[in-house]
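A quick write-up on the structure given underneath.
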Amino acid sequence: MLRAPPEREGLFGCGTLRDGAGEPLRPGGLALTRELIDRAGFRAGETVADIGCGLGASTRLLRDRGVAAIGVDLLAPFDAGARGEAPPLVVADAARLPFADDSLDGVLAECSLSLTADRALALTEWRRALRPGGRLALSDVYRRDGGGAGRIATREALCADLAAAGFRVEAFEDRSEALKSWAARFIFRFGSLDPLWGDGCAADPGSAGKARLGYALLVAAKSGQRAPAGG
């Protein structure tokens, strides 16, 4: 769970949210996580950090596939009521990972990057920890127009930040339908979207007429070098 600044904090990105059926409440659910993992090609025996792991559902999914997944979170414990033994968890900031250089095969970040205080710093840190050719599998909100959503980046700005940090974008797919259905589940659980957004973004995912938020799956690989400063 990566947290927005404490004043007037919203619930978007809160890793401990559940829907009325008790399932983790995030866009696309585990079905979209499975698709993202498949796109990234994470394999059994590889070491993958699940950034902002929250209840640990994605970490468990990776480990069920034989991936040596490690949950990374600032605050949220793994779900104590979940089946089986809890997978490894480290308490750390997304921009200060306790992993050696070139030690990870992959990074999974679901609804996490948009909540970091410094997107460029977090991406640089993730690249540092990845081995050459290691993959970043990311799903998150993005802006489909040029304004009004605070920390949330446009596709162009996000891809530019990835390139500057030393990543090569291999896939970017708009999955905004998952954001819309998630908004409906959120309203069913909480009564409205009012609790959702804090100061970071003043728009709701179900509204096409405000900041036009979208949701995307993105896979990037660690390239040989970072982009030159100012390039």
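Every chain in the structure tokens has a letter given in the order shown (A, B, ...), and although residue numbers restart at 1 in each chain, ligands are simply numbered from 1 in the order shown.
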- Query: Which residues, written as JSON, numbers by chain, have at least one atom at most 7 Å from Leu213 (chain A), with only C-alpha atoms counted and residues fewer than 5 positions away on the same chain left out?
  - Reply: {"A": [141, 142, 143, 144, 205]}
Save out the residues we just selected, N, CA and C atoms, as a JSON list (two decimals), in the first residue's frame.
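File again-v7.json, as written:
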[["chain", "number", "residue", "atom", "x", "y", "z"],
["A", 141, "VAL", "N", -3.40, 4.00, -13.29],
["A", 141, "VAL", "CA", -4.15, 5.03, -13.97],
["A", 141, "VAL", "C", -3.21, 5.94, -14.76],
["A", 142, "TYR", "N", -3.74, 6.53, -15.82],
["A", 142, "TYR", "CA", -3.00, 7.54, -16.56],
["A", 142, "TYR", "C", -4.00, 8.55, -17.12],
["A", 143, "ARG", "N", -3.50, 9.71, -17.49],
["A", 143, "ARG", "CA", -4.35, 10.76, -18.03],
["A", 143, "ARG", "C", -4.46, 10.61, -19.54],
["A", 144, "ARG", "N", -5.69, 10.60, -20.04],
["A", 144, "ARG", "CA", -5.92, 10.50, -21.48],
["A", 144, "ARG", "C", -6.08, 11.87, -22.12],
["A", 205, "PRO", "N", -12.92, 7.98, -11.90],
["A", 205, "PRO", "CA", -12.59, 7.16, -13.05],
["A", 205, "PRO", "C", -13.77, 6.88, -13.95]]
| query | So which residues touch Ala109 (chain A) within 9 Å, counting only C-alpha atoms, skipping near sequence neighbours fewer than 4 positions away, as a list in words? | reply |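 What passes the distance filter is Ala49, Asp50, Ile51, Gly52, Cys53, Leu113, Leu136, Ala137, Leu138, Ser139 and Asp140 of chain A.
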Keeping C-alpha atoms for every residue in the selection just given, could you write it to a file as a PDB file, in the first residue's frame?
ATOM      1  CA  ALA A  49       9.256  -7.682  -5.985  1.00  0.00           C
ATOM      2  CA  ASP A  50       5.551  -6.834  -5.656  1.00  0.00           C
ATOM      3  CA  ILE A  51       5.618  -3.094  -4.900  1.00  0.00           C
ATOM      4  CA  GLY A  52       2.717  -1.848  -2.767  1.00  0.00           C
ATOM      5  CA  CYS A  53       1.566  -5.418  -2.143  1.00  0.00           C
ATOM      6  CA  LEU A 113       3.513   4.311  -9.266  1.00  0.00           C
ATOM      7  CA  LEU A 136       8.784  -4.028 -14.965  1.00  0.00           C
ATOM      8  CA  ALA A 137       5.105  -5.035 -15.060  1.00  0.00           C
ATOM      9  CA  LEU A 138       2.910  -2.067 -14.272  1.00  0.00           C
ATOM     10  CA  SER A 139      -0.820  -1.421 -14.151  1.00  0.00           C
ATOM     11  CA  ASP A 140      -2.026   2.032 -13.157  1.00  0.00           C
TER      12      ASP A 140
END
Between A:Val169, A:Val107, A:Ala86, A:Ala40, smallest distance to Glu156 (chain A) by only C-alpha atoms belongs to A:Val169
Expressed in Å, the length from CA of Pro132 (chain A) to CA of Leu97 (chain A) is 17.2 Å
Query raised in the report: If you run DSSP on the backbone, which residues of region 76-153 of chain A are strand (DSSP E or B), as an MDAnalysis selection string?
Result: chainID A and resid 89:91 104:110 130:143
Q.
Can you pull out the residues contacting Arg119 (chain A)? Cut-off 9 Å, using only C-alpha atoms, and skip same-chain residues under 5 positions away; I want them as a list in words.
A. Ala95, Leu113, Ser114, Thr124, Arg151, Leu158 and Asp161 of chain A
Quick one: distance from CA of Asp93 (chain A) to CA of Asp105 (chain A) in Å, one decimal?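 Taking CA of Asp93 (chain A) as the start and CA of Asp105 (chain A) as the end point, the length is 19.1 Å.
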Open item on the list: So that I can check the surroundings of Leu89 (chain A), please list as a list in words every protein, DNA and RNA residue that reaches within 8 Å of it, counting only C-alpha atoms and ignoring chain neighbours fewer than 5 positions away.
Closed with: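 What passes the distance filter is Ile70, Gly71, Val72, Asp73 and Phe78 of chain A.
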Here CA of Lys180 (chain A) and CA of Cys159 (chain A) stand apart by 23.3 Å
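For the set A:Leu121, A:Leu75, A:Leu130, A:Ala171, the residue with the smallest atom-to-atom gap to Asp101 (chain A) is A:Leu130, counting only C-alpha atoms.
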Residues at most 12 Å from Ala31 (chain A), counting only C-alpha atoms, excluding those fewer than 6 positions away in the same chain, as a list in words? Pro24, Ile37, Asp38, Ala57, Ser58, Leu61 and Ala178 of chain A
Pull C-alpha atoms from the residues just selected and write them as a PDB file, in the first residue's frame.
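Output below, filename part_9.pdb:
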ATOM      1  CA  PRO A  24      -9.371  -7.180  -2.874  1.00  0.00           C
ATOM      2  CA  ILE A  37       2.160 -11.416 -15.211  1.00  0.00           C
ATOM      3  CA  ASP A  38       1.751 -13.387 -18.435  1.00  0.00           C
ATOM      4  CA  ALA A  57      -3.000 -11.356  -3.228  1.00  0.00           C
ATOM      5  CA  SER A  58      -0.673 -10.746  -6.189  1.00  0.00           C
ATOM      6  CA  LEU A  61      -0.454 -15.536  -7.090  1.00  0.00           C
ATOM      7  CA  ALA A 178     -11.418  -2.218 -15.827  1.00  0.00           C
TER       8      ALA A 178
END
Gly106 (chain A) proximity check over A:Ala94, A:Ala120, A:Ala68, A:Ala153, using only C-alpha atoms: winner is A:Ala68
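Neighbours of Ser103 (chain A) closer than or equal to 9 Å, with only C-alpha atoms counted and sequence neighbours fewer than 3 positions away skipped, come out as Thr47, Phe99, Ala100, Arg128, Ala129, Leu130 and Arg131 of chain A.
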